Number of protein chains: 2
Amino acid sequence: MVVIGDEILSGKVAEANLGVLAQALRSLGIRLRRVVVVADEVDAIAGEVRELAPTNDWLFTSGGIGPTHDDVTVEAVAKAFGVGVVSSPEMEAMLRAHYRELCTEGHLRMALVPEGSALEVTREIAWPTIRLKNTWLLPGIPEVFRMKLAVVAGVIAREGPASDAFVSRAVYTKIDEGVLRPALDRIVAQFPDVAIGSYPKWLDPSYKTKLTFDGRDPARVTAARDAFLELLPEGEPQRME
Amino acid sequence: MVVIGDEILSGKVAEANLGVLAQALRSLGIRLRRVVVVADEVDAIAGEVRELAPTNDWLFTSGGIGPTHDDVTVEAVAKAFGVGVVSSPEMEAMLRAHYRELCTEGHLRMALVPEGSALEVTREIAWPTIRLKNTWLLPGIPEVFRMKLAVVAGVIAREGPASDAFVSRAVYTKIDEGVLRPALDRIVAQFPDVAIGSYPKWLDPSYKTKLTFDGRDPARVTAARDAFLELLPEGEPQRME
């Protein structure tokens with residue numbers, strides 16, 4: 001994921017799309033590997049896209065696709081793929097129909113897309129979502145970003161790659177991380193195919209450490225969790241999920 | 001900034017330190033240029049640190065500094081700088097004093113630091129904050145991350161580089177971005193030293209577009225804002241900040 005926005009790097013606006021995308025991808029069985037937040041600069045964005053698009057199944061940009069001077073994502077993605085920027089006749093017609101006699105050159109800028117883009121629509125979301133090969137250009141406005149994920153999910157379900165969904169289990173204990181370490185190390189060594197996380201909680205009376213067990217094979221995830229439970233002393237865990 | 005954490009990339013935990021760091025740096029007159037979120041993997045973290053530490057005044061990592069197997073930031077930063085990992089006698093003594101007879105090897109792992117690290121303390125925060133040259137190793141837990149920023153601010157104020165603080169002005173209008181574009185383009189061309197942002201608001205009856213004017217010279221920022229105001233029609237703006 002490439003998040004574009006001076007407003008995020010300056011602390012004026014809180015980033016709100018990362019967590020939403022992470023959860024949506026996870027429910028599709030896709031692992032989010034890397035997120036980069038960069039400024040509204042064509043070369044900075046193009047550099048990231050050039051690095052990430054060829055090395056990942058999918059790439060998602062967030063932000064920078066409006067009509068003003070600081071919206072440079074279309075130009076940057078086109079540059080990264082070595083294609084031009086063209087006006088989509090279809091989007092231009094929609095803009096003219098919507099704004100009628102009030103339609104300006106500024107509005108029509110929203111019809112610009114990287115050459116060769118697919119314009120993805122669904123019955124509910126008629127305004128196209130721009131996709132150039134494996135790279136999605138999503139809007140930064142959180143409410144719109146969320147809506148567009150339905151379009152993304154539809155295409156990914158159709159085009160793959162197909163993956164098993166992730167399964168996740170959690171265990172909460174009052175034992176602190178330093179004490180848990182030997183037990184955890186044993187389970188980590190025994191279950192290399194299960195991702196095991198340990199998260200201390202600050203100032204929570206109900207538990208001290210949350211352990212998570214994640215993988216694509218439910219039987220292995222449960223087995224790792226159960227093997228860990230057997231190493232806990234009596235009275236533990238506090239709860240499980 | 002390098003944010004470390006499988007839990008963020010999987011959507012299990014919301015990232016909460018980016019905005020706080022962005023605002024703290026901004027108040028120190030420092031521009032946050034780039035944020036990367038990576039998994040709990042030594043080579044992924046080391047690669048980012050190796051790229052970002054030499055090309056920025058300061059680098060901040062968030063997360064991965066506890067005692068368990070998924071805490072690999074100390075090892076990764078040491079690797080990036082080509083130094084070893086050593087136990088800090090000072091931190092080891094504090095851990096032994098705190099945990100006494102309950103102190104485990106796991107706990108003592110928290111005394112490990114990249115060789116050559118400065119251990120920054122303040123009167124209020126006795127547990128050292130690890131800094132290797134220009135790279136700060138900050139904890140991922142949001143409450144603790146926030147506390148540590150006071151230590152960071154003290155050192156940066158002392159060591160610099162000294163910079164003028166940023167000044168920011170904002171204008172709210174009911175005019176949409178597409179219509180504003182020609183006026184904005186003129187101001188952008190006229191004030192290359194002022195960063196001008198345009199942010200559409202979704203579903204807010206009080207305004208449609210927020211314009212921001214940012215820079216280090218208050219006179220120029222205000223002049224850019226005023227030049228823009230002169231291009232607005234009567235009845236605008238809705239409000240200013």
# chains A, B, ... in the order shown; residues from 1 in each chain; ligands from 1
call {"tool": "closest_atom_pairs", "arguments": {"of": "chain A", "to": "chain B", "cutoff": "8 Å", "atoms": "only C-alpha atoms", "output": "JSON lines"}}
result
{"residue": "A:Asp6", "atom": "CA", "partner": "B:Gly197", "partner_atom": "CA", "distance": 8.0}
{"residue": "A:Glu7", "atom": "CA", "partner": "B:Gly197", "partner_atom": "CA", "distance": 7.8}
{"residue": "A:Ile8", "atom": "CA", "partner": "B:Gly19", "partner_atom": "CA", "distance": 7.2}
{"residue": "A:Leu9", "atom": "CA", "partner": "B:Leu32", "partner_atom": "CA", "distance": 5.6}
{"residue": "A:Ser10", "atom": "CA", "partner": "B:Ala22", "partner_atom": "CA", "distance": 5.5}
{"residue": "A:Gly11", "atom": "CA", "partner": "B:Ala22", "partner_atom": "CA", "distance": 4.7}
{"residue": "A:Lys12", "atom": "CA", "partner": "B:Gln23", "partner_atom": "CA", "distance": 7.6}
{"residue": "A:Val13", "atom": "CA", "partner": "B:Gly19", "partner_atom": "CA", "distance": 7.8}
{"residue": "A:Ala14", "atom": "CA", "partner": "B:Gly19", "partner_atom": "CA", "distance": 5.9}
{"residue": "A:Glu15", "atom": "CA", "partner": "B:Gly19", "partner_atom": "CA", "distance": 7.5}
{"residue": "A:Leu18", "atom": "CA", "partner": "B:Gly11", "partner_atom": "CA", "distance": 8.0}
{"residue": "A:Gly19", "atom": "CA", "partner": "B:Gly11", "partner_atom": "CA", "distance": 5.0}
{"residue": "A:Val20", "atom": "CA", "partner": "B:Gly11", "partner_atom": "CA", "distance": 7.2}
{"residue": "A:Leu21", "atom": "CA", "partner": "B:Gly11", "partner_atom": "CA", "distance": 7.8}
{"residue": "A:Ala22", "atom": "CA", "partner": "B:Gly11", "partner_atom": "CA", "distance": 4.7}
{"residue": "A:Gln23", "atom": "CA", "partner": "B:Gly11", "partner_atom": "CA", "distance": 4.8}
{"residue": "A:Arg26", "atom": "CA", "partner": "B:Ser10", "partner_atom": "CA", "distance": 6.5}
{"residue": "A:Arg31", "atom": "CA", "partner": "B:Ser10", "partner_atom": "CA", "distance": 7.1}
{"residue": "A:Leu32", "atom": "CA", "partner": "B:Leu9", "partner_atom": "CA", "distance": 5.6}
{"residue": "A:Arg33", "atom": "CA", "partner": "B:Leu9", "partner_atom": "CA", "distance": 6.7}
{"residue": "A:Arg34", "atom": "CA", "partner": "B:Val38", "partner_atom": "CA", "distance": 5.2}
{"residue": "A:Val35", "atom": "CA", "partner": "B:Val37", "partner_atom": "CA", "distance": 4.9}
{"residue": "A:Val36", "atom": "CA", "partner": "B:Val36", "partner_atom": "CA", "distance": 4.4}
{"residue": "A:Val37", "atom": "CA", "partner": "B:Val35", "partner_atom": "CA", "distance": 4.9}
{"residue": "A:Val38", "atom": "CA", "partner": "B:Arg34", "partner_atom": "CA", "distance": 5.2}
{"residue": "A:Ala39", "atom": "CA", "partner": "B:Arg33", "partner_atom": "CA", "distance": 6.8}
{"residue": "A:Gly66", "atom": "CA", "partner": "B:Glu177", "partner_atom": "CA", "distance": 7.7}
{"residue": "A:Pro67", "atom": "CA", "partner": "B:Gly178", "partner_atom": "CA", "distance": 5.6}
{"residue": "A:Thr68", "atom": "CA", "partner": "B:Arg181", "partner_atom": "CA", "distance": 5.6}
{"residue": "A:His69", "atom": "CA", "partner": "B:Asp185", "partner_atom": "CA", "distance": 6.6}
{"residue": "A:Asp70", "atom": "CA", "partner": "B:Gly197", "partner_atom": "CA", "distance": 6.4}
{"residue": "A:Thr104", "atom": "CA", "partner": "B:Val179", "partner_atom": "CA", "distance": 6.3}
{"residue": "A:Glu105", "atom": "CA", "partner": "B:Gly178", "partner_atom": "CA", "distance": 7.4}
{"residue": "A:Gly106", "atom": "CA", "partner": "B:Gly178", "partner_atom": "CA", "distance": 4.1}
{"residue": "A:His107", "atom": "CA", "partner": "B:Gly178", "partner_atom": "CA", "distance": 4.3}
{"residue": "A:Leu108", "atom": "CA", "partner": "B:Gly178", "partner_atom": "CA", "distance": 7.9}
{"residue": "A:Arg109", "atom": "CA", "partner": "B:Gly178", "partner_atom": "CA", "distance": 7.9}
{"residue": "A:Ile141", "atom": "CA", "partner": "B:Trp202", "partner_atom": "CA", "distance": 7.4}
{"residue": "A:Glu143", "atom": "CA", "partner": "B:Trp202", "partner_atom": "CA", "distance": 7.6}
{"residue": "A:Glu177", "atom": "CA", "partner": "B:Pro67", "partner_atom": "CA", "distance": 6.3}
{"residue": "A:Gly178", "atom": "CA", "partner": "B:Gly106", "partner_atom": "CA", "distance": 4.1}
{"residue": "A:Val179", "atom": "CA", "partner": "B:Gly106", "partner_atom": "CA", "distance": 6.1}
{"residue": "A:Leu180", "atom": "CA", "partner": "B:Gly106", "partner_atom": "CA", "distance": 7.6}
{"residue": "A:Arg181", "atom": "CA", "partner": "B:Thr68", "partner_atom": "CA", "distance": 5.6}
{"residue": "A:Pro182", "atom": "CA", "partner": "B:Gly106", "partner_atom": "CA", "distance": 7.4}
{"residue": "A:Leu184", "atom": "CA", "partner": "B:His69", "partner_atom": "CA", "distance": 7.6}
{"residue": "A:Asp185", "atom": "CA", "partner": "B:His69", "partner_atom": "CA", "distance": 6.6}
{"residue": "A:Ile196", "atom": "CA", "partner": "B:Asp70", "partner_atom": "CA", "distance": 7.7}
{"residue": "A:Gly197", "atom": "CA", "partner": "B:Asp70", "partner_atom": "CA", "distance": 6.3}
{"residue": "A:Ser198", "atom": "CA", "partner": "B:Thr68", "partner_atom": "CA", "distance": 6.9}
{"residue": "A:Lys201", "atom": "CA", "partner": "B:Ile141", "partner_atom": "CA", "distance": 7.9}
{"residue": "A:Trp202", "atom": "CA", "partner": "B:Ile141", "partner_atom": "CA", "distance": 7.4}
call {"tool": "residues_around", "arguments": {"residues": "Thr73 in chain B", "least_positions_apart": "5", "cutoff": "9 Å", "atoms": "only C-alpha atoms", "output": "short mmCIF file (atom, residue, chain, number, x, y, z; two decimals) with C-alpha atoms, in the first residue's frame"}}
result
data_model
loop_
_atom_site.label_atom_id
_atom_site.label_comp_id
_atom_site.auth_asym_id
_atom_site.auth_seq_id
_atom_site.Cartn_x
_atom_site.Cartn_y
_atom_site.Cartn_z
CA ILE B 4 7.39 -2.45 12.92
CA ASP B 40 8.64 -8.34 12.30
CA GLU B 41 11.53 -9.45 10.07
CA VAL B 42 15.16 -8.57 10.73
CA ILE B 45 13.66 -3.68 9.10
CA ALA B 46 17.43 -3.54 8.55
CA THR B 61 11.49 3.15 14.77
CA SER B 62 8.26 2.19 16.53
CA GLY B 63 7.77 -1.30 17.97
CA GLY B 64 9.58 -4.60 18.31
CA ILE B 65 11.73 -3.86 21.37
CA GLY B 66 10.27 -6.23 23.97
CA ALA B 78 22.48 -3.23 14.82
CA LEU B 137 14.36 2.86 18.95
#
call {"tool": "closest_residue", "arguments": {"among": "B:Ala219, B:Leu211, B:Val83, B:Leu132", "to": "Lys174 in chain B", "atoms": "only C-alpha atoms"}}
result
B:Leu211
call {"tool": "residues_around", "arguments": {"residues": "Met240 in chain A", "least_positions_apart": "6", "cutoff": "12 Å", "atoms": "only C-alpha atoms", "output": "JSON, numbers by chain"}}
result
{"A": [168, 169, 170, 171, 172, 173, 207, 209, 210, 211, 212, 213, 222, 225, 226, 229]}
call {"tool": "write_last_selection", "arguments": {"atoms": "N, CA and C atoms", "output": "PDB file, in the first residue's frame"}}
result
ATOM      1  N   SER A 168      -7.212 -17.116  13.057  1.00  0.00           N
ATOM      2  CA  SER A 168      -6.509 -16.447  14.142  1.00  0.00           C
ATOM      3  C   SER A 168      -7.056 -16.902  15.491  1.00  0.00           C
ATOM      4  N   ARG A 169      -6.146 -17.205  16.423  1.00  0.00           N
ATOM      5  CA  ARG A 169      -6.569 -17.523  17.790  1.00  0.00           C
ATOM      6  C   ARG A 169      -5.771 -16.619  18.726  1.00  0.00           C
ATOM      7  N   ALA A 170      -6.353 -16.324  19.889  1.00  0.00           N
ATOM      8  CA  ALA A 170      -5.640 -15.488  20.847  1.00  0.00           C
ATOM      9  C   ALA A 170      -5.782 -16.028  22.259  1.00  0.00           C
ATOM     10  N   VAL A 171      -4.751 -15.813  23.053  1.00  0.00           N
ATOM     11  CA  VAL A 171      -4.731 -16.237  24.454  1.00  0.00           C
ATOM     12  C   VAL A 171      -4.287 -15.035  25.290  1.00  0.00           C
ATOM     13  N   TYR A 172      -5.005 -14.762  26.370  1.00  0.00           N
ATOM     14  CA  TYR A 172      -4.667 -13.644  27.255  1.00  0.00           C
ATOM     15  C   TYR A 172      -4.151 -14.178  28.586  1.00  0.00           C
ATOM     16  N   THR A 173      -2.992 -13.689  29.024  1.00  0.00           N
ATOM     17  CA  THR A 173      -2.484 -14.155  30.316  1.00  0.00           C
ATOM     18  C   THR A 173      -2.011 -12.980  31.176  1.00  0.00           C
ATOM     19  N   TYR A 207      -5.374  -8.451  31.941  1.00  0.00           N
ATOM     20  CA  TYR A 207      -4.295  -9.316  31.453  1.00  0.00           C
ATOM     21  C   TYR A 207      -3.025  -8.487  31.235  1.00  0.00           C
ATOM     22  N   THR A 209      -0.318  -9.960  28.908  1.00  0.00           N
ATOM     23  CA  THR A 209       0.224 -10.288  27.598  1.00  0.00           C
ATOM     24  C   THR A 209      -0.823 -11.018  26.770  1.00  0.00           C
ATOM     25  N   LYS A 210      -0.959 -10.575  25.516  1.00  0.00           N
ATOM     26  CA  LYS A 210      -1.845 -11.266  24.576  1.00  0.00           C
ATOM     27  C   LYS A 210      -0.968 -12.023  23.586  1.00  0.00           C
ATOM     28  N   LEU A 211      -1.247 -13.318  23.427  1.00  0.00           N
ATOM     29  CA  LEU A 211      -0.512 -14.133  22.459  1.00  0.00           C
ATOM     30  C   LEU A 211      -1.443 -14.423  21.296  1.00  0.00           C
ATOM     31  N   THR A 212      -0.924 -14.292  20.070  1.00  0.00           N
ATOM     32  CA  THR A 212      -1.763 -14.575  18.909  1.00  0.00           C
ATOM     33  C   THR A 212      -1.133 -15.681  18.067  1.00  0.00           C
ATOM     34  N   PHE A 213      -1.995 -16.490  17.455  1.00  0.00           N
ATOM     35  CA  PHE A 213      -1.579 -17.627  16.633  1.00  0.00           C
ATOM     36  C   PHE A 213      -2.309 -17.495  15.309  1.00  0.00           C
ATOM     37  N   THR A 222      -4.695 -24.142  15.709  1.00  0.00           N
ATOM     38  CA  THR A 222      -5.264 -24.630  16.977  1.00  0.00           C
ATOM     39  C   THR A 222      -4.258 -25.493  17.729  1.00  0.00           C
ATOM     40  N   ARG A 225      -1.745 -23.258  19.429  1.00  0.00           N
ATOM     41  CA  ARG A 225      -2.360 -22.613  20.595  1.00  0.00           C
ATOM     42  C   ARG A 225      -2.460 -23.630  21.748  1.00  0.00           C
ATOM     43  N   ASP A 226      -2.917 -24.858  21.443  1.00  0.00           N
ATOM     44  CA  ASP A 226      -3.076 -25.861  22.497  1.00  0.00           C
ATOM     45  C   ASP A 226      -1.741 -26.284  23.097  1.00  0.00           C
ATOM     46  N   LEU A 229      -0.858 -23.631  25.504  1.00  0.00           N
ATOM     47  CA  LEU A 229      -1.694 -23.689  26.714  1.00  0.00           C
ATOM     48  C   LEU A 229      -1.156 -24.720  27.712  1.00  0.00           C
TER      49      LEU A 229
END
call {"tool": "atom_distance", "arguments": {"atom1": "CA of Glu236 in chain A", "atom2": "CA of Ile175 in chain A"}}
result
8.6 Å
call {"tool": "closest_residue", "arguments": {"among": "A:Ile156, A:Val167, A:Met147, A:Val194", "to": "Trp58 in chain A", "atoms": "only C-alpha atoms"}}
result
A:Ile156
call {"tool": "residues_around", "arguments": {"residues": "range 111-116 of chain A", "least_positions_apart": "4", "cutoff": "6 Å", "atoms": "only C-alpha atoms", "output": "PyMOL selection string"}}
result
chain A and resi 74+78+83-88+91-92
call {"tool": "write_last_selection", "arguments": {"atoms": "C-alpha atoms", "output": "compact mmCIF listing (two decimals), in the first residue's frame"}}
result
# COMPACT_ATOMS: atom_id res chain seq x y z
CA VAL A 74 -2.61 9.52 -11.67
CA ALA A 78 1.37 6.51 -15.24
CA VAL A 83 2.45 5.13 -19.97
CA GLY A 84 0.75 8.45 -20.72
CA VAL A 85 -2.19 10.13 -19.03
CA VAL A 86 -5.39 10.21 -21.08
CA SER A 87 -8.93 11.44 -20.53
CA SER A 88 -11.47 8.65 -20.19
CA MET A 91 -15.70 9.45 -17.11
CA GLU A 92 -15.72 12.76 -18.98
call {"tool": "select_by_dssp", "arguments": {"residues": "range 82-144 of chain A", "states": "strand (DSSP E or B)", "output": "ChimeraX atom specification"}}
result
/A:85-87,112-114,118-120,129-132,135-138
call {"tool": "atom_distance", "arguments": {"atom1": "CA of Phe145 in chain B", "atom2": "CA of Ile125 in chain B"}}
result
11.9 Å
call {"tool": "atom_distance", "arguments": {"atom1": "CA of His98 in chain B", "atom2": "CA of Leu231 in chain A"}}
result
25.2 Å
call {"tool": "select_by_dssp", "arguments": {"residues": "range 105-156 of chain A", "states": "helix (DSSP H, G or I)", "output": "list in words"}}
result
Glu105, Gly106, His107, Leu108, Arg109, Met110, Ala111, Pro142, Glu143, Val144, Phe145, Arg146, Met147, Lys148, Leu149, Ala150, Val151, Val152, Ala153, Gly154, Val155 and Ile156 of chain A
call {"tool": "write_last_selection", "arguments": {"atoms": "C-alpha atoms", "output": "short mmCIF file (atom, residue, chain, number, x, y, z; two decimals), in the first residue's frame"}}
result
data_model
loop_
_atom_site.label_atom_id
_atom_site.label_comp_id
_atom_site.auth_asym_id
_atom_site.auth_seq_id
_atom_site.Cartn_x
_atom_site.Cartn_y
_atom_site.Cartn_z
CA GLU A 105 -11.65 22.24 -16.75
CA GLY A 106 -10.92 21.50 -13.09
CA HIS A 107 -13.76 19.00 -12.89
CA LEU A 108 -12.72 17.36 -16.14
CA ARG A 109 -9.31 16.66 -14.64
CA MET A 110 -11.05 13.94 -12.65
CA ALA A 111 -11.53 12.02 -15.93
CA PRO A 142 -11.98 7.45 4.34
CA GLU A 143 -15.72 7.13 3.64
CA VAL A 144 -15.08 6.77 -0.10
CA PHE A 145 -12.04 4.52 0.39
CA ARG A 146 -14.24 2.11 2.38
CA MET A 147 -16.93 2.07 -0.31
CA LYS A 148 -14.36 1.32 -3.02
CA LEU A 149 -13.09 -1.75 -1.18
CA ALA A 150 -16.29 -3.54 -2.23
CA VAL A 151 -15.24 -3.03 -5.86
CA VAL A 152 -11.72 -4.26 -5.08
CA ALA A 153 -13.02 -7.37 -3.29
CA GLY A 154 -15.20 -8.26 -6.27
CA VAL A 155 -12.31 -8.12 -8.74
CA ILE A 156 -9.90 -9.98 -6.48
#
call {"tool": "residues_around", "arguments": {"residues": "range 157-164 of chain B", "least_positions_apart": "6", "cutoff": "9 Å", "atoms": "only C-alpha atoms", "output": "list in words"}}
result
Leu28, Gly29, Ile30, Asp57, Arg216 and Asp217 of chain B
